[in-house]
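Enquirer: Input structure: final_31.tsv, which contains TSV, C-alpha atoms and all ligand atoms.
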chain	number	residue	atom	x	y	z
A	30	MET	CA	128.30	73.68	84.18
A	31	GLY	CA	127.58	77.38	84.35
A	32	VAL	CA	124.26	78.30	85.96
A	33	THR	CA	122.60	81.71	85.55
A	34	ALA	CA	119.58	83.54	86.97
A	35	SER	CA	116.77	82.26	84.77
A	36	ILE	CA	113.53	81.02	86.26
A	37	ALA	CA	114.36	77.70	84.55
A	38	ILE	CA	117.27	77.28	87.00
A	39	HIS	CA	115.50	74.40	88.78
A	40	ARG	CA	116.06	72.32	85.66
A	41	ALA	CA	119.81	72.77	86.13
A	42	LEU	CA	119.36	70.63	89.26
A	43	ASP	CA	117.79	67.87	87.14
A	44	ILE	CA	120.61	68.16	84.59
A	45	THR	CA	123.23	67.95	87.37
A	46	SER	CA	121.57	64.96	88.95
A	47	GLU	CA	121.09	63.10	85.64
A	48	LEU	CA	124.68	63.72	84.53
A	49	ARG	CA	125.96	62.45	87.87
A	50	LYS	CA	123.77	59.34	87.63
A	51	ARG	CA	125.31	58.70	84.22
A	52	GLY	CA	128.75	58.69	85.77
A	53	HIS	CA	129.89	62.24	84.95
A	54	ARG	CA	131.61	64.53	87.41
A	55	VAL	CA	129.76	67.85	87.37
A	56	THR	CA	131.39	71.01	88.70
A	57	VAL	CA	128.81	73.77	89.00
A	58	VAL	CA	129.76	77.44	88.69
A	59	MET	CA	127.08	80.02	89.58
A	60	THR	CA	126.58	83.69	88.76
A	61	PRO	CA	125.89	86.00	91.73
A	62	ASN	CA	122.25	86.50	90.72
A	63	SER	CA	121.57	82.79	90.25
A	64	GLN	CA	122.34	82.29	93.95
A	65	ARG	CA	119.37	84.49	94.79
A	66	MET	CA	117.19	81.79	93.21
A	67	ILE	CA	118.88	78.54	94.34
A	68	THR	CA	121.75	78.30	96.82
A	69	PRO	CA	125.16	76.80	95.98
A	70	LEU	CA	124.47	74.28	98.77
A	71	THR	CA	121.63	72.73	96.76
A	72	PHE	CA	123.86	72.29	93.72
A	73	GLN	CA	126.60	70.91	95.95
A	74	ALA	CA	124.14	68.36	97.36
A	75	MET	CA	123.10	67.34	93.84
A	76	SER	CA	126.57	67.23	92.29
A	77	LEU	CA	128.46	66.01	95.39
A	78	GLU	CA	131.20	68.41	94.26
A	79	THR	CA	132.37	71.84	95.41
A	80	VAL	CA	130.31	74.61	93.81
A	81	TYR	CA	132.23	77.70	92.71
A	82	HIS	CA	130.83	81.21	92.54
A	83	ASP	CA	133.27	83.72	93.98
A	84	PRO	CA	136.23	84.62	91.78
A	85	TRP	CA	137.74	86.53	94.70
A	86	ALA	CA	137.47	83.71	97.26
A	87	VAL	CA	140.59	82.98	99.29
A	88	GLY	CA	140.78	79.31	100.24
A	89	PRO	CA	143.08	76.31	100.49
A	90	SER	CA	143.51	76.14	96.71
A	91	ARG	CA	146.17	78.47	95.34
A	92	ASP	CA	145.02	77.91	91.77
A	93	HIS	CA	143.04	80.39	89.77
A	94	ASP	CA	139.71	78.55	89.80
A	95	HIS	CA	138.58	79.69	86.35
A	96	ILE	CA	141.84	78.59	84.72
A	97	ARG	CA	142.02	75.29	86.61
A	98	MET	CA	138.39	74.41	85.78
A	99	ALA	CA	138.93	75.44	82.17
A	100	GLN	CA	141.92	73.09	81.97
A	101	GLU	CA	140.37	70.16	83.81
A	102	GLY	CA	136.88	70.19	82.31
A	103	GLU	CA	135.96	68.15	79.24
A	104	LEU	CA	132.94	70.23	78.29
A	105	PHE	CA	131.39	73.52	79.37
A	106	LEU	CA	127.59	73.79	79.44
A	107	VAL	CA	125.71	76.96	80.36
A	108	ALA	CA	122.17	75.98	81.35
A	109	PRO	CA	120.01	77.89	81.72
A	110	ALA	CA	121.59	80.88	79.99
A	111	THR	CA	120.01	84.31	80.52
A	112	ALA	CA	119.95	87.07	77.91
A	113	SER	CA	122.38	88.96	80.13
A	114	THR	CA	124.94	86.13	80.30
A	115	ILE	CA	124.60	85.51	76.54
A	116	GLY	CA	125.40	89.20	76.01
A	117	LYS	CA	128.38	89.07	78.36
A	118	LEU	CA	129.85	85.97	76.72
A	119	ALA	CA	129.33	87.39	73.24
A	120	HIS	CA	131.22	90.55	74.15
A	121	GLY	CA	133.87	89.33	76.56
A	122	ILE	CA	132.40	91.00	79.63
A	123	LEU	CA	133.96	88.79	82.27
A	124	ASP	CA	132.67	90.11	85.57
A	125	ASN	CA	131.74	86.81	87.18
A	126	LEU	CA	133.10	83.28	87.50
A	127	VAL	CA	130.74	81.74	84.92
A	128	ALA	CA	131.88	84.22	82.28
A	129	THR	CA	135.62	84.00	83.10
A	130	THR	CA	135.59	80.18	83.20
A	131	ALA	CA	133.64	79.95	79.93
A	132	PHE	CA	136.03	82.40	78.31
A	133	ALA	CA	139.12	80.45	79.35
A	134	PHE	CA	137.64	77.09	78.31
A	135	GLU	CA	138.92	75.60	75.06
A	136	GLY	CA	136.90	72.35	74.73
A	137	PRO	CA	133.30	71.92	73.52
A	138	ARG	CA	131.02	74.73	74.76
A	139	LEU	CA	127.23	74.38	74.81
A	140	ILE	CA	124.73	77.05	75.76
A	141	ALA	CA	121.01	76.56	76.44
A	142	PRO	CA	119.15	79.91	76.48
A	143	ALA	CA	115.96	80.38	78.49
A	144	MET	CA	113.89	83.53	78.60
A	145	ASN	CA	110.50	85.11	77.96
A	146	TRP	CA	109.50	85.15	74.28
A	147	ARG	CA	109.77	88.96	74.15
A	148	MET	CA	113.42	88.78	75.23
A	149	TRP	CA	114.08	85.81	72.93
A	150	GLY	CA	112.70	87.83	69.99
A	151	LYS	CA	115.06	90.77	70.51
A	152	PRO	CA	117.49	91.10	67.58
A	153	ILE	CA	120.31	91.80	70.03
A	154	VAL	CA	119.84	88.39	71.67
A	155	GLN	CA	119.84	86.65	68.28
A	156	GLU	CA	122.89	88.62	67.15
A	157	ASN	CA	124.73	87.71	70.35
A	158	LEU	CA	123.93	84.02	69.82
A	159	LYS	CA	125.20	84.23	66.24
A	160	ARG	CA	128.41	85.78	67.57
A	161	LEU	CA	128.76	82.92	70.03
A	162	GLU	CA	128.19	80.35	67.26
A	163	GLY	CA	130.84	82.13	65.21
A	164	ASP	CA	133.17	81.72	68.20
A	165	GLY	CA	132.53	77.94	68.28
A	166	TRP	CA	129.68	77.73	70.80
A	167	ASP	CA	126.94	75.16	70.18
A	168	VAL	CA	123.53	76.71	70.89
A	169	ILE	CA	120.78	74.40	72.18
A	170	PRO	CA	117.70	76.32	71.03
A	171	PRO	CA	114.85	76.87	73.45
A	172	ALA	CA	111.49	75.13	72.99
A	173	GLU	CA	108.10	76.71	72.42
A	174	GLY	CA	105.29	76.38	74.95
A	175	ASP	CA	104.20	77.51	78.41
A	176	LEU	CA	106.53	80.10	79.90
A	177	ALA	CA	106.99	80.68	83.62
A	178	CYS	CA	105.45	84.15	83.36
A	179	GLY	CA	102.13	82.56	82.28
A	180	GLU	CA	102.55	83.41	78.61
A	181	GLN	CA	103.13	81.06	75.69
A	182	GLY	CA	105.84	81.22	73.06
A	183	PRO	CA	109.45	80.41	72.29
A	184	GLY	CA	112.03	80.80	75.04
A	185	ARG	CA	111.42	77.78	77.28
A	186	LEU	CA	114.64	75.99	78.19
A	187	ALA	CA	115.13	73.00	75.86
A	188	PRO	CA	113.92	69.74	77.42
A	189	VAL	CA	116.40	68.21	79.87
A	190	ASP	CA	116.62	65.03	77.76
A	191	GLU	CA	117.57	67.09	74.71
A	192	ILE	CA	120.29	68.93	76.68
A	193	LEU	CA	121.62	65.59	77.98
A	194	ARG	CA	121.68	64.19	74.45
A	195	ARG	CA	123.60	67.21	73.16
A	196	VAL	CA	126.09	66.89	76.05
A	197	ARG	CA	126.59	63.19	75.30
A	198	ASP	CA	127.14	63.90	71.60
A	199	ALA	CA	129.62	66.71	72.30
A	200	LEU	CA	131.74	64.90	74.89
A	201	PRO	CA	135.03	63.51	73.65
A	202	ALA	CA	134.88	59.73	73.16
A	203	PRO	CA	136.36	57.80	76.11
A	204	PRO	CA	139.72	56.17	75.44
A	205	PRO	CA	139.48	52.54	74.26
A	206	ALA	CA	139.44	50.02	77.14
A	301	LIG	C1	112.09	85.80	88.88
A	301	LIG	C2	113.02	86.14	87.76
A	301	LIG	C3	113.11	85.32	86.66
A	301	LIG	C4	113.96	85.63	85.60
A	301	LIG	N1	114.04	84.77	84.54
A	301	LIG	C5	114.84	85.09	83.51
A	301	LIG	C6	114.94	84.20	82.39
A	301	LIG	O1	114.32	83.13	82.34
A	301	LIG	N2	115.76	84.56	81.37
A	301	LIG	C7	116.49	85.73	81.38
A	301	LIG	O2	117.21	85.99	80.42
A	301	LIG	N3	116.42	86.57	82.43
A	301	LIG	C8	115.63	86.27	83.50
A	301	LIG	N4	115.57	87.12	84.56
A	301	LIG	C9	116.43	88.32	84.58
A	301	LIG	C10	117.85	87.95	85.01
A	301	LIG	O3	117.82	87.30	86.28
A	301	LIG	C11	118.73	89.20	85.09
A	301	LIG	O4	118.95	89.72	83.79
A	301	LIG	C12	120.05	88.92	85.77
A	301	LIG	O5	120.81	90.11	85.85
A	301	LIG	C13	120.85	87.84	85.03
A	301	LIG	O6	122.01	87.57	85.75
A	301	LIG	P1	123.05	86.44	85.34
A	301	LIG	O7	122.88	86.15	83.89
A	301	LIG	O8	124.37	87.03	85.67
A	301	LIG	O9	122.77	85.25	86.21
A	301	LIG	C14	114.74	86.81	85.64
A	301	LIG	C15	114.67	87.63	86.76
A	301	LIG	C16	113.82	87.31	87.81
A	301	LIG	C17	113.78	88.21	89.01
Let's see the structure in the file written out as structure tokens.
Expert:
Amino acid sequence: MGVTASIAIHRALDITSELRKRGHRVTVVMTPNSQRMITPLTFQAMSLETVYHDPWAVGPSRDHDHIRMAQEGELFLVAPATASTIGKLAHGILDNLVATTAFAFEGPRLIAPAMNWRMWGKPIVQENLKRLEGDGWDVIPPAEGDLACGEQGPGRLAPVDEILRRVRDALPAPPPA
């Protein structure tokens, strides 16, 4: 799961925790800016898995993290997705681990945008999402309602239950017992 610097980031903790409770293994990848909002440690505590964020990290693993995760993962979800990350993914700007992992991933890819209604209404954001859909991404549209900035409108991250339903529907069926 790719996590980006939207104010809805706290819901990514709920998504991580719910997916884990349902028996999924969740590997969280964070953008640099998202870590200014919630630390990798919190996602590690929720997922009980290593959290990845530094493409340049030198550690015990000699793999390229973005390629290994792209090969091992069954589904890639970006939630919440900022306007900036949507733009990067739509144009192949791969300057962080969320973008490089998403780009290398070949299975089902879901993206749940979250932003202020003014940003959501920008043609460039809508064009970028259309580009992503054209590239095979499944967009989970935001809801309408109270926004973190105190305004009302479209741009609220889709409800967690809706995101979980879309993940369940997109996951490959388990092999027969
Ligand atoms: C408090 C705060 C809340 C923000 N919320 C959002 C948001 O909900 N959606 C969005 O697109 N950008 C939001 N931004 C702007 C992004 O954080 C900014 O564009 C950042 O560069 C995105 O980085 P990332 O997509 O690489 O994580 C917010 C910024 C701040 C400081």
Enquirer: Need to verify the contact set: stretch 30-39 of chain A, 7 Å, only C-alpha atoms, exclusion of same-chain residues closer than 4 positions in sequence. Can you return it as a PyMOL selection string?
Expert: chain A and resi 55-60+62-63+66+105-111+127+143-144+186
Enquirer: Counting only C-alpha atoms, figure out which residue out of A:Phe132, A:Ala41, A:Asp164, A:Ile153 gets nearest to A:Ile67.
Expert: A:Ala41
Enquirer: Mind running stretch 118-181 of chain A against stretch 75-96 of chain A at 8 Å and telling me each contacting residue's nearest atom pair with the distance in Å (one decimal), counting all atoms listed in the file, chain and number ascending, as a tab-separated table?
Expert:
residue	atom	partner	partner_atom	distance
A:Asn125	CA	A:Pro84	CA	6.8
A:Leu126	CA	A:Pro84	CA	5.5
A:Val127	CA	A:His82	CA	7.6
A:Thr129	CA	A:His95	CA	6.2
A:Thr130	CA	A:His95	CA	4.4
A:Ala133	CA	A:Ile96	CA	6.3
A:Phe134	CA	A:Ile96	CA	7.8
Enquirer: Would you save the residues from that selection as an mmCIF file, in the frame of the given file, using C-alpha atoms?
Expert:
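Generated output (selection_37.cif):
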data_model
loop_
_atom_site.group_PDB
_atom_site.id
_atom_site.type_symbol
_atom_site.label_atom_id
_atom_site.label_comp_id
_atom_site.auth_asym_id
_atom_site.auth_seq_id
_atom_site.Cartn_x
_atom_site.Cartn_y
_atom_site.Cartn_z
ATOM 1 C CA ASN A 125 131.740 86.810 87.180
ATOM 2 C CA LEU A 126 133.100 83.280 87.500
ATOM 3 C CA VAL A 127 130.740 81.740 84.920
ATOM 4 C CA THR A 129 135.620 84.000 83.100
ATOM 5 C CA THR A 130 135.590 80.180 83.200
ATOM 6 C CA ALA A 133 139.120 80.450 79.350
ATOM 7 C CA PHE A 134 137.640 77.090 78.310
#
Enquirer: Please report the interatomic distance between atom N2 of ligand LIG 301 (chain A) and atom CA of A:Arg185 in Å with one decimal.
Expert: 9.0 Å
Enquirer: So that all listed atoms of ligand LIG 301 (chain A) fit with 4 Å spare on each side, what axis-aligned box centre and edge lengths in Å, to one decimal, would you give as lines of an AutoDock Vina configuration file?
Expert:
center_x = 118.2
center_y = 86.6
center_z = 84.7
size_x = 20.3
size_y = 15.0
size_z = 16.6
Enquirer: Mind giving me the straight-line distance from atom CA of A:Gly102 to atom CA of A:Ile44 in Å, one decimal?
Expert: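 Between atom CA of A:Gly102 and atom CA of A:Ile44 the gap works out to 16.6 Å.
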Enquirer: Closest to ligand LIG 301 (chain A) among A:Asp124, A:Asp175, A:Glu135, A:Glu180, using only C-alpha atoms and all ligand atoms?
Expert: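 Among A:Asp124, A:Asp175, A:Glu135, A:Glu180, it is A:Asp124 that comes nearest to ligand LIG 301 (chain A).
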